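Right, one structure below, let's go through it.
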Amino acid sequence: MNYTYLDCLAIFGVGGAHPRGLQLTKEFLSREKIDETKSILDAGCGTGQTSAYIAEQYQCNVTSLDCNKIMLEKARQRFSSLHLPIEVRHGSTENLPFDEGSFDIILSESVIAFTDVSLTIPEFKRVLKPNGVLLAIEMVLEKSLSKDEMKPIVNFYGVSQLLTENEWYHFFKRANFKQVSVEKFKLDFDEHDVRNVPDFSLSENIDDEFYEILEKHLHLTTVYKGLLGFRLFRCCI
Ligand SMILES: C[S@@+](CC[C@H](N)C(=O)[O-])C[C@H]1O[C@@H](n2cnc3c(N)ncnc32)[C@H](O)[C@@H]1O
């Protein structure tokens, strides 16, 4: 296989490429104090579905960053068609192109696991303002697995490692986040509800290999159902 799972998301232009999609995002953002004075970073923004929602809903200052140029171009098109004044930056979460204390909130939806966790988490901490909050949705292992058992998942998704809830918690604490709360959502998921359906921004001439990657993804989610979950980590400085 020459292409990665993330290449596949970029080519299909999947918006809301995290568990429970925009519906979950709306749910946890509604509990935060967000007004037009706040600066929010959507780190690993993908095609910018969440960024656009935040800018429209809260009229605050939104910055969208991703390392994938196809994703970013699709995000730019979305913001431009909606006339949203969102700053788009190309860069890596492992070495953020922002000064210390730049953001009130960082949102990271299914991103950190694809990066070097030990670099990304301290970078998020560095660019948050005092009293800033990191909201991270991450895939978790519901029980520990041996390296061999993890191999098919790690290789397919191209993640650096697979972590349990407890291991994630310790990574956040090690980066000196003072308060880390973990939430396992029991949100009912109705796949026929259009609000739960991801949006797509397809590239032209999609190689057959990308359809094979999508199929493999669906296969793996079935095989590992019950073993792979997700959590919302809310980390305060
Ligand atoms: C599963 S997608 C999620 C996209 C978006 N957050 C969403 O929920 O739709 C993961 C995103 O993280 C981006 N990404 C992966 N590693 C990154 C890094 N080191 N720096 C910035 N973005 C990264 C990918 O390009 C991709 O857009």
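Residue numbering restarts at 1 for every chain of the structure tokens, chains are lettered A, B, ... in their displayed order, and ligands are numbered from 1 as they appear.
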
Could you pull out the residues sitting within 9 Å of ligand 1, using only C-alpha atoms and all ligand atoms, and write them as a PyMOL selection string? chain A and resi 5-7+9-10+13-19+21-22+25+42-50+65-72+90-96+107-116+120+137+198

Using DSSP on the backbone coordinates, identify all residues within range 39-235 of chain A classified as strand (DSSP E); present the result as a PyMOL selection string. chain A and resi 39-43+61-66+87-90+103-109+128-141+179-183+228-235

May I have a table of the residues of range 29-135 of chain A lying at most 12 Å from range 168-186 of chain A, giving each one's closest pair of atoms and their distance in Å to one decimal, counting only C-alpha atoms, ordered by chain and ascending residue number, as a Markdown table?
```
| residue | atom | partner | partner_atom | distance |
| --- | --- | --- | --- | --- |
| A:Ile112 | CA | A:Trp168 | CA | 10.2 |
| A:Ala113 | CA | A:Trp168 | CA | 9.8 |
| A:Asp116 | CA | A:Phe171 | CA | 11.4 |
| A:Val117 | CA | A:Phe171 | CA | 7.8 |
| A:Ser118 | CA | A:Phe171 | CA | 7.3 |
| A:Leu119 | CA | A:Ala175 | CA | 9.6 |
| A:Thr120 | CA | A:Ala175 | CA | 9.8 |
| A:Ile121 | CA | A:Ala175 | CA | 6.6 |
| A:Pro122 | CA | A:Ala175 | CA | 5.3 |
| A:Glu123 | CA | A:Ala175 | CA | 9.0 |
| A:Phe124 | CA | A:Ala175 | CA | 9.3 |
| A:Lys125 | CA | A:Ala175 | CA | 7.2 |
| A:Arg126 | CA | A:Ala175 | CA | 9.5 |
| A:Leu128 | CA | A:Phe177 | CA | 10.7 |
| A:Pro130 | CA | A:Phe177 | CA | 11.0 |
| A:Asn131 | CA | A:Lys178 | CA | 10.2 |
| A:Gly132 | CA | A:Phe177 | CA | 10.0 |
| A:Val133 | CA | A:Phe177 | CA | 9.2 |
| A:Leu134 | CA | A:Phe177 | CA | 9.1 |
| A:Leu135 | CA | A:Ser181 | CA | 9.9 |
```

As a compact mmCIF listing (two decimals) with N, CA and C atoms, in the first residue's frame, please: every residue in range 40-95 of chain A that DSSP puts in helix (DSSP H, G or I).
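Contents of states_4.txt, freshly written:
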```
# COMPACT_ATOMS: atom_id res chain seq x y z
N GLN A 49 -14.38 21.51 9.11
CA GLN A 49 -15.80 21.52 9.47
C GLN A 49 -16.00 22.13 10.86
N THR A 50 -15.18 21.68 11.82
CA THR A 50 -15.31 22.20 13.19
C THR A 50 -14.95 23.68 13.25
N SER A 51 -13.86 24.08 12.58
CA SER A 51 -13.45 25.50 12.59
C SER A 51 -14.59 26.38 12.10
N ALA A 52 -15.22 25.97 11.00
CA ALA A 52 -16.30 26.76 10.43
C ALA A 52 -17.46 26.86 11.41
N TYR A 53 -17.78 25.74 12.05
CA TYR A 53 -18.88 25.75 13.03
C TYR A 53 -18.57 26.75 14.16
N ILE A 54 -17.33 26.70 14.68
CA ILE A 54 -16.98 27.58 15.81
C ILE A 54 -17.07 29.05 15.39
N ALA A 55 -16.52 29.36 14.21
CA ALA A 55 -16.53 30.76 13.76
C ALA A 55 -17.96 31.26 13.58
N GLU A 56 -18.82 30.41 13.05
CA GLU A 56 -20.22 30.83 12.82
C GLU A 56 -20.99 30.93 14.13
N GLN A 57 -20.76 29.96 14.99
CA GLN A 57 -21.56 29.88 16.22
C GLN A 57 -21.14 30.93 17.25
N TYR A 58 -19.80 31.16 17.36
CA TYR A 58 -19.31 32.00 18.46
C TYR A 58 -18.69 33.32 18.01
N LYS A 69 -1.53 19.43 2.95
CA LYS A 69 -1.89 20.57 2.08
C LYS A 69 -3.23 20.36 1.37
N ILE A 70 -3.58 19.11 1.08
CA ILE A 70 -4.88 18.86 0.42
C ILE A 70 -6.01 19.21 1.39
N MET A 71 -5.86 18.76 2.63
CA MET A 71 -6.85 19.09 3.67
C MET A 71 -7.00 20.60 3.79
N LEU A 72 -5.87 21.28 3.86
CA LEU A 72 -5.90 22.73 4.09
C LEU A 72 -6.57 23.46 2.93
N GLU A 73 -6.30 23.00 1.69
CA GLU A 73 -6.91 23.64 0.54
C GLU A 73 -8.44 23.48 0.60
N LYS A 74 -8.89 22.30 1.03
CA LYS A 74 -10.34 22.06 1.13
C LYS A 74 -10.93 22.91 2.27
N ALA A 75 -10.15 23.08 3.34
CA ALA A 75 -10.61 23.95 4.44
C ALA A 75 -10.73 25.39 3.94
N ARG A 76 -9.70 25.84 3.20
CA ARG A 76 -9.73 27.22 2.67
C ARG A 76 -10.97 27.44 1.81
N GLN A 77 -11.27 26.44 0.94
CA GLN A 77 -12.45 26.58 0.06
C GLN A 77 -13.72 26.68 0.89
N ARG A 78 -13.80 25.88 1.94
CA ARG A 78 -15.00 25.91 2.80
C ARG A 78 -15.16 27.31 3.42
N PHE A 79 -14.05 27.83 4.00
CA PHE A 79 -14.14 29.11 4.71
C PHE A 79 -14.47 30.24 3.73
N SER A 80 -13.87 30.15 2.54
CA SER A 80 -14.10 31.21 1.57
C SER A 80 -15.56 31.18 1.10
N SER A 81 -16.11 29.97 0.86
CA SER A 81 -17.50 29.93 0.38
C SER A 81 -18.47 30.38 1.47
```

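Note that CA of Arg234 in chain A and CA of Glu36 in chain A are 21.2 Å apart.
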
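Taking CA of Val197 in chain A and CA of Leu24 in chain A as endpoints, the distance between them is 11.7 Å.
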
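One distance worth recording is that between CA of Leu162 in chain A and CA of Lys26 in chain A, which is 26.2 Å.
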
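Nearest residue to Val223 in chain A, choosing from A:Pro152, A:Leu163, A:Lys143, A:Cys235 and counting only C-alpha atoms: A:Pro152.
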
Contacts of Ile213 in chain A within 12 Å, only C-alpha atoms, excl. fewer than 5 positions in-chain, as a short mmCIF file (atom, residue, chain, number, x, y, z; two decimals) with N, CA, C and O atoms, in the first residue's frame:
```cif
data_model
loop_
_atom_site.label_atom_id
_atom_site.label_comp_id
_atom_site.auth_asym_id
_atom_site.auth_seq_id
_atom_site.Cartn_x
_atom_site.Cartn_y
_atom_site.Cartn_z
N MET A 1 0.84 -1.19 0.00
CA MET A 1 0.00 0.00 0.00
C MET A 1 0.88 1.25 0.00
O MET A 1 1.74 1.42 0.84
N ASN A 2 0.65 2.12 -0.98
CA ASN A 2 1.48 3.32 -1.07
C ASN A 2 0.88 4.50 -0.31
O ASN A 2 1.59 5.37 0.16
N TYR A 3 -0.46 4.52 -0.24
CA TYR A 3 -1.11 5.65 0.41
C TYR A 3 -1.44 5.31 1.85
O TYR A 3 -1.64 4.14 2.21
N THR A 4 -1.57 6.36 2.67
CA THR A 4 -1.91 6.13 4.07
C THR A 4 -3.40 6.40 4.31
O THR A 4 -4.09 6.98 3.46
N TYR A 5 -3.85 6.02 5.48
CA TYR A 5 -5.23 6.30 5.88
C TYR A 5 -5.51 7.81 5.85
O TYR A 5 -6.56 8.25 5.38
N LEU A 6 -4.53 8.61 6.31
CA LEU A 6 -4.73 10.07 6.31
C LEU A 6 -4.77 10.63 4.89
O LEU A 6 -5.53 11.56 4.60
N ASP A 7 -3.97 10.05 3.97
CA ASP A 7 -4.07 10.46 2.56
C ASP A 7 -5.49 10.23 2.07
O ASP A 7 -6.06 11.03 1.33
N CYS A 8 -6.04 9.09 2.49
CA CYS A 8 -7.38 8.70 2.05
C CYS A 8 -8.43 9.70 2.56
O CYS A 8 -9.29 10.16 1.79
N LEU A 9 -8.32 10.11 3.84
CA LEU A 9 -9.26 11.10 4.37
C LEU A 9 -9.15 12.41 3.60
O LEU A 9 -10.15 13.08 3.33
N ILE A 11 -8.09 12.84 0.39
CA ILE A 11 -8.59 12.71 -0.98
C ILE A 11 -10.12 12.70 -1.02
O ILE A 11 -10.74 13.31 -1.88
N PHE A 12 -10.73 12.02 -0.04
CA PHE A 12 -12.20 12.04 0.03
C PHE A 12 -12.70 13.33 0.69
O PHE A 12 -13.89 13.63 0.66
N PHE A 156 -1.89 0.10 9.93
CA PHE A 156 -2.92 0.62 9.01
C PHE A 156 -3.14 2.12 9.21
O PHE A 156 -3.15 2.90 8.26
N TYR A 157 -3.32 2.54 10.47
CA TYR A 157 -3.65 3.95 10.72
C TYR A 157 -2.40 4.84 10.72
O TYR A 157 -2.51 6.06 10.65
N ILE A 206 -10.05 9.79 -8.30
CA ILE A 206 -9.63 9.07 -7.09
C ILE A 206 -9.14 7.67 -7.45
O ILE A 206 -9.87 6.87 -8.04
N ASP A 207 -7.90 7.36 -7.09
CA ASP A 207 -7.29 6.06 -7.36
C ASP A 207 -8.06 4.95 -6.62
O ASP A 207 -8.51 5.15 -5.49
N ASP A 208 -8.18 3.78 -7.27
CA ASP A 208 -8.91 2.65 -6.66
C ASP A 208 -8.36 2.29 -5.28
O ASP A 208 -9.08 1.80 -4.41
N LEU A 218 -13.24 0.20 7.37
CA LEU A 218 -14.54 -0.30 7.85
C LEU A 218 -14.40 -1.70 8.43
O LEU A 218 -14.98 -2.04 9.46
N HIS A 219 -13.57 -2.52 7.76
CA HIS A 219 -13.34 -3.88 8.23
C HIS A 219 -12.69 -3.86 9.63
O HIS A 219 -13.15 -4.55 10.55
N LEU A 220 -11.66 -3.02 9.79
CA LEU A 220 -10.95 -2.98 11.08
C LEU A 220 -11.86 -2.46 12.20
O LEU A 220 -11.80 -2.95 13.33
#
```
